[in-house]
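Okay, data.csv is below, CSV, C-alpha atoms and all ligand atoms:
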chain,number,residue,atom,x,y,z
A,1,MET,CA,84.2,68.2,111.5
A,2,ASN,CA,85.5,66.2,108.6
A,3,ASN,CA,85.4,63.0,110.4
A,4,LEU,CA,81.8,63.6,111.4
A,5,PHE,CA,81.0,64.4,107.8
A,6,ASN,CA,82.7,61.2,106.6
A,7,ARG,CA,80.8,59.0,109.1
A,8,LEU,CA,77.5,60.6,108.3
A,9,THR,CA,77.7,60.5,104.5
A,10,GLY,CA,80.4,57.9,103.8
A,11,ARG,CA,81.9,60.3,101.4
A,12,GLN,CA,84.8,62.7,101.2
A,13,PRO,CA,83.9,66.1,102.5
A,14,PRO,CA,83.8,68.8,99.8
A,15,SER,CA,87.3,70.3,99.2
A,16,ARG,CA,86.0,73.7,100.1
A,17,GLN,CA,85.3,72.5,103.7
A,18,VAL,CA,88.7,70.8,103.9
A,19,ALA,CA,90.3,74.0,102.7
A,20,LYS,CA,88.5,76.1,105.3
A,21,ASP,CA,89.4,73.7,108.2
A,22,ARG,CA,93.0,73.5,107.2
A,23,LEU,CA,93.1,77.3,106.8
A,24,LYS,CA,91.7,77.9,110.2
A,25,LEU,CA,94.2,75.6,111.8
A,26,VAL,CA,97.2,77.0,110.0
A,27,LEU,CA,96.2,80.5,110.8
A,28,ILE,CA,95.9,79.8,114.5
A,29,HIS,CA,99.5,78.5,114.5
A,30,ASP,CA,100.7,81.4,112.3
A,31,ARG,CA,99.1,84.1,114.5
A,32,THR,CA,100.3,82.7,117.8
A,33,ASP,CA,103.7,81.8,116.4
A,34,VAL,CA,103.3,78.4,118.0
A,35,SER,CA,103.9,75.6,115.5
A,36,PRO,CA,102.3,72.2,115.8
A,37,ALA,CA,105.8,70.8,116.7
A,38,VAL,CA,106.2,73.3,119.5
A,39,LEU,CA,102.7,72.4,120.8
A,40,GLU,CA,103.7,68.8,120.8
A,41,GLN,CA,106.8,69.6,122.9
A,42,LEU,CA,104.7,71.7,125.3
A,43,LYS,CA,102.4,68.8,125.7
A,44,ASP,CA,105.2,66.4,126.6
A,45,GLU,CA,106.6,68.8,129.2
A,46,LEU,CA,103.1,69.5,130.6
A,47,ILE,CA,102.4,65.8,131.0
A,48,ALA,CA,105.7,65.4,132.8
A,49,VAL,CA,105.0,68.2,135.2
A,50,ILE,CA,101.4,67.2,135.9
A,51,SER,CA,102.3,63.5,136.4
A,52,LYS,CA,104.4,64.5,139.4
A,53,PHE,CA,101.2,65.5,141.2
A,54,VAL,CA,98.4,63.3,139.8
A,55,ASP,CA,98.0,60.2,137.7
A,56,ILE,CA,96.9,61.1,134.3
A,57,ASP,CA,95.9,59.2,131.2
A,58,ARG,CA,98.8,60.3,129.0
A,59,ASP,CA,97.3,59.1,125.7
A,60,GLY,CA,94.1,61.0,126.4
A,61,VAL,CA,95.8,64.4,126.8
A,62,ASP,CA,94.5,66.9,124.2
A,63,ILE,CA,96.2,70.2,123.9
A,64,LYS,CA,95.1,72.7,121.2
A,65,LEU,CA,95.1,76.4,120.3
A,66,THR,CA,91.7,77.8,119.6
A,67,GLN,CA,90.6,81.2,118.3
A,68,GLU,CA,87.4,83.2,118.5
A,69,GLN,CA,87.5,86.6,116.8
A,70,THR,CA,90.6,88.2,118.2
A,71,GLU,CA,91.1,86.0,121.3
A,72,SER,CA,93.4,83.0,121.2
A,73,ARG,CA,93.6,80.4,123.9
A,74,LEU,CA,95.5,77.3,124.8
A,75,VAL,CA,93.0,74.6,125.7
A,76,ALA,CA,94.2,71.5,127.6
A,77,ASP,CA,92.0,68.5,128.3
A,78,ILE,CA,93.8,66.2,130.7
A,79,PRO,CA,91.9,63.1,131.7
A,80,LEU,CA,92.9,61.6,135.1
A,81,LEU,CA,93.4,57.9,135.4
A,82,LYS,CA,90.5,56.0,136.8
A,83,SER,CA,91.4,55.0,140.3
A,84,PRO,CA,89.4,52.8,142.6
A,85,ARG,CA,87.0,55.1,144.6
A,86,ARG,CA,88.4,56.0,147.9
A,87,ARG,CA,86.4,55.3,150.9
A,88,ARG,CA,85.8,58.1,153.3
B,1,MET,CA,96.3,116.9,102.2
B,2,GLY,CA,95.1,116.3,98.7
B,3,ALA,CA,95.4,112.8,97.3
B,4,LEU,CA,94.5,109.5,98.9
B,5,VAL,CA,97.4,107.1,98.7
B,6,ILE,CA,96.2,103.6,98.1
B,7,THR,CA,98.6,100.6,98.4
B,8,VAL,CA,97.7,97.4,96.6
B,9,THR,CA,99.4,94.4,98.2
B,10,SER,CA,99.0,90.7,98.9
B,11,GLY,CA,101.7,88.6,100.5
B,12,LYS,CA,101.5,85.8,97.9
B,13,GLY,CA,102.6,86.6,94.4
B,14,GLY,CA,100.5,86.4,91.3
B,15,VAL,CA,97.1,86.9,92.9
B,16,GLY,CA,96.2,90.0,90.8
B,17,LYS,CA,97.8,93.1,92.4
B,18,THR,CA,99.0,94.6,89.2
B,19,THR,CA,95.7,93.8,87.4
B,20,THR,CA,93.8,95.4,90.3
B,21,THR,CA,96.0,98.5,90.4
B,22,ALA,CA,95.6,99.1,86.6
B,23,ASN,CA,91.9,98.6,86.7
B,24,ILE,CA,91.0,100.6,89.8
B,25,ALA,CA,93.2,103.4,88.4
B,26,ALA,CA,91.5,103.3,85.0
B,27,ALA,CA,88.0,103.2,86.6
B,28,LEU,CA,88.7,106.1,88.9
B,29,ALA,CA,90.2,108.1,86.0
B,30,ALA,CA,87.2,107.3,83.9
B,31,GLN,CA,85.1,109.0,86.6
B,32,ASN,CA,87.3,112.1,86.0
B,33,ALA,CA,89.5,111.7,89.1
B,34,LYS,CA,93.2,112.6,88.6
B,35,VAL,CA,95.1,109.4,89.3
B,36,VAL,CA,98.8,108.6,89.4
B,37,CYS,CA,99.9,105.0,89.6
B,38,ILE,CA,103.3,104.0,90.9
B,39,ASP,CA,104.8,100.7,90.0
B,40,GLY,CA,106.5,99.6,93.2
B,41,ASP,CA,107.9,96.4,91.8
B,42,ILE,CA,111.4,97.6,91.1
B,43,GLY,CA,113.3,95.1,88.9
B,44,LEU,CA,110.1,93.3,87.8
B,45,ARG,CA,108.2,96.0,86.1
B,46,ASN,CA,104.7,95.0,85.0
B,47,LEU,CA,102.3,97.8,85.4
B,48,ASP,CA,103.5,99.5,82.3
B,49,VAL,CA,102.6,96.6,80.0
B,50,VAL,CA,99.2,95.9,81.7
B,51,MET,CA,98.3,99.6,81.2
B,52,GLY,CA,99.7,99.5,77.6
B,53,LEU,CA,102.3,102.2,78.2
B,54,GLU,CA,105.5,100.3,77.8
B,55,ASN,CA,106.7,102.1,74.7
B,56,ARG,CA,106.6,105.5,76.2
B,57,ILE,CA,109.0,105.1,79.2
B,58,VAL,CA,112.0,107.3,79.3
B,59,TYR,CA,112.4,107.9,83.0
B,60,ASP,CA,111.4,105.8,85.9
B,61,LEU,CA,111.0,105.9,89.7
B,62,VAL,CA,114.7,105.3,90.4
B,63,HIS,CA,115.6,108.2,88.1
B,64,VAL,CA,113.4,110.4,90.3
B,65,VAL,CA,114.8,109.1,93.5
B,66,GLU,CA,118.3,109.6,92.3
B,67,GLY,CA,117.6,113.1,91.0
B,68,THR,CA,118.4,112.4,87.3
B,69,ALA,CA,114.8,113.2,86.4
B,70,LYS,CA,112.0,115.4,87.7
B,71,LEU,CA,108.9,113.8,88.9
B,72,ARG,CA,106.9,115.3,86.0
B,73,GLN,CA,109.3,113.7,83.5
B,74,ALA,CA,108.7,110.3,84.9
B,75,MET,CA,104.9,110.6,84.8
B,76,ILE,CA,103.6,108.9,81.7
B,77,ARG,CA,100.2,110.0,80.6
B,78,ASP,CA,97.7,107.3,79.6
B,79,LYS,CA,96.7,107.0,76.0
B,80,ARG,CA,93.0,107.0,76.6
B,81,LEU,CA,92.4,108.7,79.9
B,82,PRO,CA,93.9,112.2,80.1
B,83,HIS,CA,93.7,112.2,84.0
B,84,LEU,CA,95.7,108.9,84.4
B,85,TYR,CA,99.4,108.8,84.8
B,86,LEU,CA,102.0,106.0,85.5
B,87,ILE,CA,105.3,106.3,87.2
B,88,PRO,CA,107.1,103.1,86.1
B,89,ALA,CA,109.5,101.0,88.0
B,90,ALA,CA,113.1,100.6,87.0
B,91,GLN,CA,113.6,97.3,85.3
B,92,THR,CA,117.3,96.9,85.7
B,93,ARG,CA,117.7,97.8,89.4
B,94,ASP,CA,116.7,96.2,92.6
B,95,LYS,CA,114.5,97.2,95.4
B,96,SER,CA,117.2,98.7,97.5
B,97,ALA,CA,117.4,101.6,95.0
B,98,VAL,CA,114.3,103.1,96.7
B,99,SER,CA,113.7,103.6,100.4
B,100,PRO,CA,110.4,104.0,102.4
B,101,SER,CA,111.3,107.7,103.0
B,102,ASP,CA,111.8,108.2,99.2
B,103,MET,CA,108.3,106.9,98.7
B,104,ILE,CA,106.9,109.2,101.3
B,105,ARG,CA,108.7,112.2,99.8
B,106,ILE,CA,107.5,111.4,96.3
B,107,CYS,CA,103.9,110.9,97.4
B,108,ASP,CA,104.0,114.1,99.4
B,109,GLU,CA,105.1,115.9,96.3
B,110,LEU,CA,102.3,114.4,94.3
B,111,ARG,CA,99.5,114.7,96.8
B,112,THR,CA,98.6,118.3,96.0
B,113,GLU,CA,98.4,117.5,92.3
B,114,CYS,CA,96.0,114.6,92.1
B,115,ASP,CA,93.1,112.8,93.7
B,116,TYR,CA,94.5,109.3,94.0
B,117,ILE,CA,98.0,107.8,94.1
B,118,ILE,CA,97.8,104.0,93.7
B,119,ILE,CA,100.9,102.0,94.5
B,120,ASP,CA,101.3,98.5,93.1
B,121,SER,CA,103.3,96.6,95.7
B,122,PRO,CA,105.5,93.6,94.9
B,123,ALA,CA,104.7,90.3,96.5
B,124,GLY,CA,106.4,89.4,99.7
B,125,ILE,CA,107.1,91.2,103.0
B,126,GLU,CA,110.6,92.6,102.1
B,127,ARG,CA,111.8,96.0,101.1
B,128,GLY,CA,109.5,96.5,98.1
B,129,PHE,CA,106.5,95.9,100.3
B,130,ARG,CA,107.8,98.3,103.0
B,131,ASN,CA,108.3,100.9,100.3
B,132,ALA,CA,104.8,100.5,99.0
B,133,LEU,CA,103.3,100.6,102.5
B,134,ALA,CA,105.2,103.6,103.9
B,135,PRO,CA,103.2,106.5,102.3
B,136,SER,CA,99.9,104.6,102.4
B,137,ASP,CA,96.6,106.0,103.6
B,138,LYS,CA,94.6,103.0,102.6
B,139,VAL,CA,95.8,99.4,102.1
B,140,LEU,CA,94.0,97.0,99.8
B,141,ILE,CA,94.9,93.4,100.2
B,142,VAL,CA,94.3,91.2,97.2
B,143,THR,CA,93.8,87.4,97.6
B,144,ASN,CA,92.4,84.4,95.8
B,145,PRO,CA,90.0,81.9,97.3
B,146,GLU,CA,92.8,79.4,98.0
B,147,VAL,CA,94.5,78.3,101.2
B,148,SER,CA,98.0,79.6,100.5
B,149,ALA,CA,96.8,83.0,99.3
B,150,VAL,CA,94.5,83.5,102.2
B,151,ARG,CA,97.1,82.4,104.6
B,152,ASP,CA,99.6,84.9,103.3
B,153,ALA,CA,96.9,87.6,103.3
B,154,ASP,CA,96.5,87.0,107.0
B,155,ARG,CA,100.2,87.6,107.5
B,156,ILE,CA,100.0,90.9,105.6
B,157,ILE,CA,97.0,92.0,107.5
B,158,GLY,CA,99.0,91.5,110.7
B,159,LEU,CA,101.9,93.5,109.4
B,160,VAL,CA,99.7,96.4,108.1
B,161,GLU,CA,97.9,96.6,111.4
B,162,SER,CA,101.2,96.6,113.3
B,163,GLU,CA,102.3,99.6,111.2
B,164,GLN,CA,99.2,101.4,112.3
B,165,LYS,CA,98.1,102.1,108.8
B,166,GLY,CA,94.4,101.8,109.7
B,167,PRO,CA,92.3,98.7,108.9
B,168,PRO,CA,93.1,97.3,105.5
B,169,SER,CA,90.3,96.2,103.1
B,170,LEU,CA,90.2,92.9,101.2
B,171,ILE,CA,89.6,92.2,97.5
B,172,ILE,CA,88.9,88.5,96.7
B,173,ASN,CA,90.0,88.0,93.1
B,174,ARG,CA,89.4,85.1,90.7
B,175,ILE,CA,86.3,83.7,92.2
B,176,LYS,CA,84.7,80.9,90.2
B,177,ALA,CA,81.0,80.8,91.2
B,178,ASP,CA,80.4,77.4,89.7
B,179,MET,CA,83.3,75.9,91.7
B,180,VAL,CA,82.0,77.5,94.9
B,181,LYS,CA,78.6,76.1,94.2
B,182,ARG,CA,79.8,72.6,93.8
B,183,GLY,CA,81.8,72.8,97.0
B,184,ASP,CA,85.3,73.0,95.4
B,185,MET,CA,86.3,76.6,96.2
B,186,LEU,CA,86.3,78.7,99.3
B,187,SER,CA,83.3,81.1,99.3
B,188,ILE,CA,83.4,84.8,100.1
B,189,ASP,CA,82.0,84.0,103.5
B,190,ASP,CA,84.6,81.3,104.2
B,191,VAL,CA,87.4,83.8,103.5
B,192,LEU,CA,85.8,86.5,105.5
B,193,ASP,CA,85.2,84.1,108.3
B,194,VAL,CA,88.8,83.3,108.8
B,195,LEU,CA,90.3,86.7,108.0
B,196,ALA,CA,87.8,88.9,109.8
B,197,ILE,CA,88.5,92.0,107.7
B,198,ASP,CA,86.5,94.6,105.7
B,199,LEU,CA,85.7,93.5,102.2
B,200,ILE,CA,85.8,96.1,99.5
B,201,GLY,CA,85.2,94.0,96.5
B,202,ILE,CA,85.0,90.6,94.8
B,203,VAL,CA,86.2,89.9,91.3
B,204,PRO,CA,85.2,86.9,89.2
B,205,GLU,CA,87.6,84.8,87.2
B,206,ASP,CA,87.3,86.4,83.7
B,207,GLU,CA,89.1,85.5,80.5
B,208,GLN,CA,88.7,89.1,79.4
B,209,ILE,CA,91.5,90.0,81.9
B,210,VAL,CA,94.0,88.1,79.8
B,211,VAL,CA,92.6,89.7,76.6
B,212,GLY,CA,92.9,93.1,78.3
B,213,SER,CA,96.5,92.5,79.3
B,214,ASN,CA,97.3,91.2,75.8
B,215,ARG,CA,96.1,94.5,74.4
B,216,GLY,CA,97.3,96.7,77.2
B,217,THR,CA,93.7,97.8,77.9
B,218,PRO,CA,92.3,97.3,81.5
B,219,VAL,CA,89.0,95.5,81.5
B,220,ALA,CA,87.5,98.3,83.7
B,221,LEU,CA,87.2,100.2,80.4
B,222,ASP,CA,85.1,97.4,78.8
B,223,GLU,CA,81.5,98.0,79.7
B,224,LYS,CA,80.6,94.3,79.0
B,225,SER,CA,83.3,92.6,81.1
B,226,ARG,CA,82.2,91.2,84.5
B,227,ALA,CA,85.6,91.7,86.1
B,228,GLY,CA,85.6,95.2,84.6
B,229,GLN,CA,82.3,95.8,86.4
B,230,ALA,CA,83.7,94.4,89.6
B,231,PHE,CA,86.7,96.8,89.4
B,232,ARG,CA,84.5,99.8,88.6
B,233,ASN,CA,82.5,98.9,91.7
B,234,ILE,CA,85.6,98.9,93.9
B,235,ALA,CA,86.6,102.2,92.5
B,236,ARG,CA,83.2,103.7,93.4
B,237,ARG,CA,83.5,102.3,96.9
B,238,LEU,CA,86.9,103.9,97.3
B,239,ALA,CA,85.3,107.1,96.2
B,240,GLY,CA,82.8,106.7,99.1
B,241,GLU,CA,79.8,105.1,97.5
B,242,ASN,CA,77.9,102.4,99.2
B,243,LEU,CA,77.3,99.6,96.7
B,244,PRO,CA,76.1,96.1,97.2
B,245,LEU,CA,78.4,93.3,96.1
B,246,MET,CA,77.9,92.0,92.6
B,247,ASP,CA,76.0,88.8,92.2
B,248,LEU,CA,78.5,86.3,90.9
B,249,ASP,CA,75.8,83.8,89.9
B,250,LYS,CA,74.3,86.1,87.5
B,251,GLN,CA,75.9,85.4,84.1
B,252,ASP,CA,75.4,87.8,81.3
B,253,GLY,CA,77.2,88.5,78.1
B,254,PHE,CA,76.8,86.8,74.8
B,255,LEU,CA,78.6,83.6,75.6
B,256,ALA,CA,76.6,82.9,78.7
B,257,ARG,CA,73.4,83.5,76.9
B,258,LEU,CA,74.6,81.2,74.1
B,259,GLY,CA,75.4,78.6,76.7
B,260,LYS,CA,71.9,78.8,78.0
B,261,LEU,CA,70.5,78.3,74.6
B,262,ILE,CA,72.6,75.3,74.0
B,263,ARG,CA,72.0,73.6,77.4
B,264,PRO,CA,68.7,75.1,78.7
B,265,GLY,CA,68.6,75.2,82.4
B,266,GLY,CA,72.4,74.8,82.6
C,301,LIG,N1,90.1,87.9,87.8
C,301,LIG,C1,91.0,87.3,86.9
C,301,LIG,N2,90.6,86.4,86.0
C,301,LIG,C2,91.5,85.9,85.1
C,301,LIG,N3,92.8,86.1,85.2
C,301,LIG,C3,93.3,86.9,86.1
C,301,LIG,C4,92.4,87.5,87.0
C,301,LIG,N4,93.1,88.3,87.9
C,301,LIG,C5,94.4,88.2,87.5
C,301,LIG,N5,94.5,87.3,86.4
C,301,LIG,C6,95.7,86.9,85.8
C,301,LIG,O1,96.6,86.4,86.8
C,301,LIG,C7,98.0,86.7,86.5
C,301,LIG,C8,98.6,87.4,87.6
C,301,LIG,O2,98.0,88.7,87.8
C,301,LIG,P1,98.9,89.9,88.3
C,301,LIG,O3,100.1,90.1,87.4
C,301,LIG,O4,98.0,91.1,88.3
C,301,LIG,O5,99.3,89.4,89.7
C,301,LIG,P2,100.3,90.1,90.7
C,301,LIG,O6,99.7,89.9,92.1
C,301,LIG,O7,100.6,91.5,90.3
C,301,LIG,O8,101.6,89.3,90.5
C,301,LIG,P3,103.1,89.6,91.1
C,301,LIG,O9,103.0,89.1,92.5
C,301,LIG,O10,104.0,88.7,90.3
C,301,LIG,O11,103.3,91.0,91.0
C,301,LIG,C9,97.9,87.5,85.2
C,301,LIG,O12,98.2,86.7,84.1
C,301,LIG,C10,96.5,88.0,85.1
C,301,LIG,O13,96.1,88.2,83.8
C,302,MG,MG,102.5,92.5,90.0
Could I get this file's structure written as structure tokens?
Amino acid sequence: MNNLFNRLTGRQPPSRQVAKDRLKLVLIHDRTDVSPAVLEQLKDELIAVISKFVDIDRDGVDIKLTQEQTESRLVADIPLLKSPRRRR
Amino acid sequence: MGALVITVTSGKGGVGKTTTTANIAAALAAQNAKVVCIDGDIGLRNLDVVMGLENRIVYDLVHVVEGTAKLRQAMIRDKRLPHLYLIPAAQTRDKSAVSPSDMIRICDELRTECDYIIIDSPAGIERGFRNALAPSDKVLIVTNPEVSAVRDADRIIGLVESEQKGPPSLIINRIKADMVKRGDMLSIDDVLDVLAIDLIGIVPEDEQIVVGSNRGTPVALDEKSRAGQAFRNIARRLAGENLPLMDLDKQDGFLARLGKLIRPGG
């Protein structure tokens, strides 16, 4: 959100928007009792497990908690490494 | 059944619980309801000075709990409103002098005698908060439009819900409409968006609150005060009325009119 705002306007986003974004994020972690540090650890272990089975782009892995109304989810976006297309 | 027991709490300190308690109590009593306030902040008594009753205290909540005073003896009658009473906190004791079951017992004794019991909770999530929450029928959570206060309010909402006290209602205090307008303060919608809770009132930042606590006169009794109007509205909603939120952009009062004369269009 803020990055987009920055790029579009070349200005700092209003502090009200920053406050709201930070609040949303901190509340997701408070409510689920999963701190950003724990999430980082989870990400490392997840990468290790998945790498046993498929080649993944480790730097592109994105793991986050999201929240809609009362439902929280853990969302993982794990890009696979580009491999030369196999012939059938 | 009798009285409705209202607990005013917050999580973060200094957001306006005591101010809110004193003003809602005064507003309800001014509408002829019989109201008893209990200062739940044992060791840091405040409600007495905000209500202007500090000189009349002989007995306090801890005396009642320990049986050295009868409930009646610890109920201080307000100077202006004959239906308003305060049970002060002890100043030289700590929170452990009162237990949640003491609070339930005291409120049960009061329930038949009045219409509202309003408990001013201390900040935090410790014993004092537990005491204030135990007898509650309706929890009001006060917050300010700031990240830390809203975050702590969220924690309290979770705790209140887990105690099965029914859905709490939110009061957003110290809103500065001009700051919201220029994008430098969380708006009412921003706060509601993240907390997803019923809103029972909004209170603007108002210097008269300081004047009121200087004098020991809640602003709810001042017809001209904006914050006073906001607290009177909350009291009416508690009494069951359905009122629209006040328009924070609308400035009235002498100073605002003067300001407009000096800088027209400002
Ligand atoms: N709407 C307002 N406008 C201006 N000042 C306010 C407003 N609400 C509260 N205040 C001021 O903020 C200060 C803190 O208020 P108050 O003592 O009611 O908070 P509290 O939540 O009870 O604090 P504590 O957690 O220490 O018990 C007081 O000085 C009070 O006068
Ligand atoms: Mg207080």
Exercise: Thr66 of chain A partners within 10 Å, only C-alpha atoms, chain neighbours under 4 positions left out, as JSON, numbers by chain: {"A": [24, 25, 28, 29, 71, 72, 73, 74, 75]}
For a quick test of understanding: name the residues of chain B lying within 10 Å of chain A when counting all atoms listed in the file, and present them as a list in words.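 Putting it all together, I get Pro145, Glu146, Val147, Ser148, Val150, Arg151, Asp152, Asp154, Arg155, Gly158, Met179, Val180, Lys181, Arg182, Gly183, Asp184, Met185, Leu186, Ser187, Asp190, Val191, Asp193, Val194, Leu195 and Ala196 of chain B.
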Coordinates-based distance that separates atom CA of Asn233 of chain B from atom CA of Ile200 of chain B (Å, one decimal):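 Separation of atom CA of Ile200 of chain B and atom CA of Asn233 of chain B: 8.9 Å.
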Per residue of chain B within 12 Å of ligand MG 302 (chain C), which atom pair is closest and at what distance in Å (one decimal), using only C-alpha atoms and all ligand atoms, listed by chain and increasing number, as JSON lines?
{"residue": "B:Val8", "atom": "CA", "partner": "C:MG302", "partner_atom": "MG", "distance": 9.5}
{"residue": "B:Thr9", "atom": "CA", "partner": "C:MG302", "partner_atom": "MG", "distance": 9.0}
{"residue": "B:Ser10", "atom": "CA", "partner": "C:MG302", "partner_atom": "MG", "distance": 9.7}
{"residue": "B:Gly11", "atom": "CA", "partner": "C:MG302", "partner_atom": "MG", "distance": 11.2}
{"residue": "B:Lys12", "atom": "CA", "partner": "C:MG302", "partner_atom": "MG", "distance": 10.4}
{"residue": "B:Gly13", "atom": "CA", "partner": "C:MG302", "partner_atom": "MG", "distance": 7.4}
{"residue": "B:Gly14", "atom": "CA", "partner": "C:MG302", "partner_atom": "MG", "distance": 6.5}
{"residue": "B:Val15", "atom": "CA", "partner": "C:MG302", "partner_atom": "MG", "distance": 8.3}
{"residue": "B:Gly16", "atom": "CA", "partner": "C:MG302", "partner_atom": "MG", "distance": 6.8}
{"residue": "B:Lys17", "atom": "CA", "partner": "C:MG302", "partner_atom": "MG", "distance": 5.3}
{"residue": "B:Thr18", "atom": "CA", "partner": "C:MG302", "partner_atom": "MG", "distance": 4.2}
{"residue": "B:Thr19", "atom": "CA", "partner": "C:MG302", "partner_atom": "MG", "distance": 7.4}
{"residue": "B:Thr20", "atom": "CA", "partner": "C:MG302", "partner_atom": "MG", "distance": 9.2}
{"residue": "B:Thr21", "atom": "CA", "partner": "C:MG302", "partner_atom": "MG", "distance": 8.9}
{"residue": "B:Ala22", "atom": "CA", "partner": "C:MG302", "partner_atom": "MG", "distance": 10.1}
{"residue": "B:Ile38", "atom": "CA", "partner": "C:MG302", "partner_atom": "MG", "distance": 11.6}
{"residue": "B:Asp39", "atom": "CA", "partner": "C:MG302", "partner_atom": "MG", "distance": 8.5}
{"residue": "B:Gly40", "atom": "CA", "partner": "C:MG302", "partner_atom": "MG", "distance": 8.8}
{"residue": "B:Asp41", "atom": "CA", "partner": "C:MG302", "partner_atom": "MG", "distance": 6.9}
{"residue": "B:Ile42", "atom": "CA", "partner": "C:MG302", "partner_atom": "MG", "distance": 10.3}
{"residue": "B:Gly43", "atom": "CA", "partner": "C:MG302", "partner_atom": "MG", "distance": 11.2}
{"residue": "B:Leu44", "atom": "CA", "partner": "C:MG302", "partner_atom": "MG", "distance": 8.0}
{"residue": "B:Arg45", "atom": "CA", "partner": "C:MG302", "partner_atom": "MG", "distance": 7.7}
{"residue": "B:Asn46", "atom": "CA", "partner": "C:MG302", "partner_atom": "MG", "distance": 6.0}
{"residue": "B:Leu47", "atom": "CA", "partner": "C:MG302", "partner_atom": "MG", "distance": 7.0}
{"residue": "B:Asp48", "atom": "CA", "partner": "C:MG302", "partner_atom": "MG", "distance": 10.5}
{"residue": "B:Val49", "atom": "CA", "partner": "C:MG302", "partner_atom": "MG", "distance": 10.8}
{"residue": "B:Val50", "atom": "CA", "partner": "C:MG302", "partner_atom": "MG", "distance": 9.6}
{"residue": "B:Ala89", "atom": "CA", "partner": "C:MG302", "partner_atom": "MG", "distance": 11.2}
{"residue": "B:Ile119", "atom": "CA", "partner": "C:MG302", "partner_atom": "MG", "distance": 10.6}
{"residue": "B:Asp120", "atom": "CA", "partner": "C:MG302", "partner_atom": "MG", "distance": 6.9}
{"residue": "B:Ser121", "atom": "CA", "partner": "C:MG302", "partner_atom": "MG", "distance": 7.1}
{"residue": "B:Pro122", "atom": "CA", "partner": "C:MG302", "partner_atom": "MG", "distance": 5.8}
{"residue": "B:Ala123", "atom": "CA", "partner": "C:MG302", "partner_atom": "MG", "distance": 7.2}
{"residue": "B:Gly124", "atom": "CA", "partner": "C:MG302", "partner_atom": "MG", "distance": 10.9}
{"residue": "B:Gly128", "atom": "CA", "partner": "C:MG302", "partner_atom": "MG", "distance": 11.4}
{"residue": "B:Phe129", "atom": "CA", "partner": "C:MG302", "partner_atom": "MG", "distance": 11.6}
{"residue": "B:Val142", "atom": "CA", "partner": "C:MG302", "partner_atom": "MG", "distance": 11.0}
Which of these residues is nearest to ligand LIG 301 (chain C), using only C-alpha atoms and all ligand atoms: B:Gln31, B:Asn242, B:Thr217, B:Ser96? B:Thr217
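Here atom CA of Ser169 of chain B and atom CA of Gly216 of chain B stand 26.8 Å from one another.
Note that the spacing between atom CA of Lys165 of chain B and atom CA of Leu192 of chain B amounts to 20.1 Å.
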Mind listing as a ChimeraX atom specification all residues within 7 Å of (96.3, 55.4, 136.2), counting only C-alpha atoms? /A:55-57,81-83
Taking 6 positions as the minimum chain separation for residues in the same chain, which residues sit within 8 Å of segment 55-71 of chain B when counting all atoms listed in the file? Answer as a list in words.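 Contacts, in chain order: Ile87, Pro88, Ala89, Ala90, Ala97, Val98, Asp102 and Ile106 of chain B.
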Within 12 Å of (91.1, 97.5, 108.2), all atoms listed in the file: residues as a PyMOL selection string? chain B and resi 137-141+154+156-170+195-200
Could the residues in this selection be saved with C-alpha atoms as a PDB file, in the frame of the given file?
ATOM      1  CA  ASP B 137      96.600 106.000 103.600  1.00  0.00           C
ATOM      2  CA  LYS B 138      94.600 103.000 102.600  1.00  0.00           C
ATOM      3  CA  VAL B 139      95.800  99.400 102.100  1.00  0.00           C
ATOM      4  CA  LEU B 140      94.000  97.000  99.800  1.00  0.00           C
ATOM      5  CA  ILE B 141      94.900  93.400 100.200  1.00  0.00           C
ATOM      6  CA  ASP B 154      96.500  87.000 107.000  1.00  0.00           C
ATOM      7  CA  ILE B 156     100.000  90.900 105.600  1.00  0.00           C
ATOM      8  CA  ILE B 157      97.000  92.000 107.500  1.00  0.00           C
ATOM      9  CA  GLY B 158      99.000  91.500 110.700  1.00  0.00           C
ATOM     10  CA  LEU B 159     101.900  93.500 109.400  1.00  0.00           C
ATOM     11  CA  VAL B 160      99.700  96.400 108.100  1.00  0.00           C
ATOM     12  CA  GLU B 161      97.900  96.600 111.400  1.00  0.00           C
ATOM     13  CA  SER B 162     101.200  96.600 113.300  1.00  0.00           C
ATOM     14  CA  GLU B 163     102.300  99.600 111.200  1.00  0.00           C
ATOM     15  CA  GLN B 164      99.200 101.400 112.300  1.00  0.00           C
ATOM     16  CA  LYS B 165      98.100 102.100 108.800  1.00  0.00           C
ATOM     17  CA  GLY B 166      94.400 101.800 109.700  1.00  0.00           C
ATOM     18  CA  PRO B 167      92.300  98.700 108.900  1.00  0.00           C
ATOM     19  CA  PRO B 168      93.100  97.300 105.500  1.00  0.00           C
ATOM     20  CA  SER B 169      90.300  96.200 103.100  1.00  0.00           C
ATOM     21  CA  LEU B 170      90.200  92.900 101.200  1.00  0.00           C
ATOM     22  CA  LEU B 195      90.300  86.700 108.000  1.00  0.00           C
ATOM     23  CA  ALA B 196      87.800  88.900 109.800  1.00  0.00           C
ATOM     24  CA  ILE B 197      88.500  92.000 107.700  1.00  0.00           C
ATOM     25  CA  ASP B 198      86.500  94.600 105.700  1.00  0.00           C
ATOM     26  CA  LEU B 199      85.700  93.500 102.200  1.00  0.00           C
ATOM     27  CA  ILE B 200      85.800  96.100  99.500  1.00  0.00           C
TER      28      ILE B 200
END
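Every protein, DNA or RNA residue with an atom at most 9 Å from Lys43 of chain A, where only C-alpha atoms count and chain neighbours fewer than 3 positions away do not, is listed here: Val38, Leu39, Glu40, Leu46, Ile47, Ala48, Val61, Asp62, Ile63 and Ala76 of chain A.
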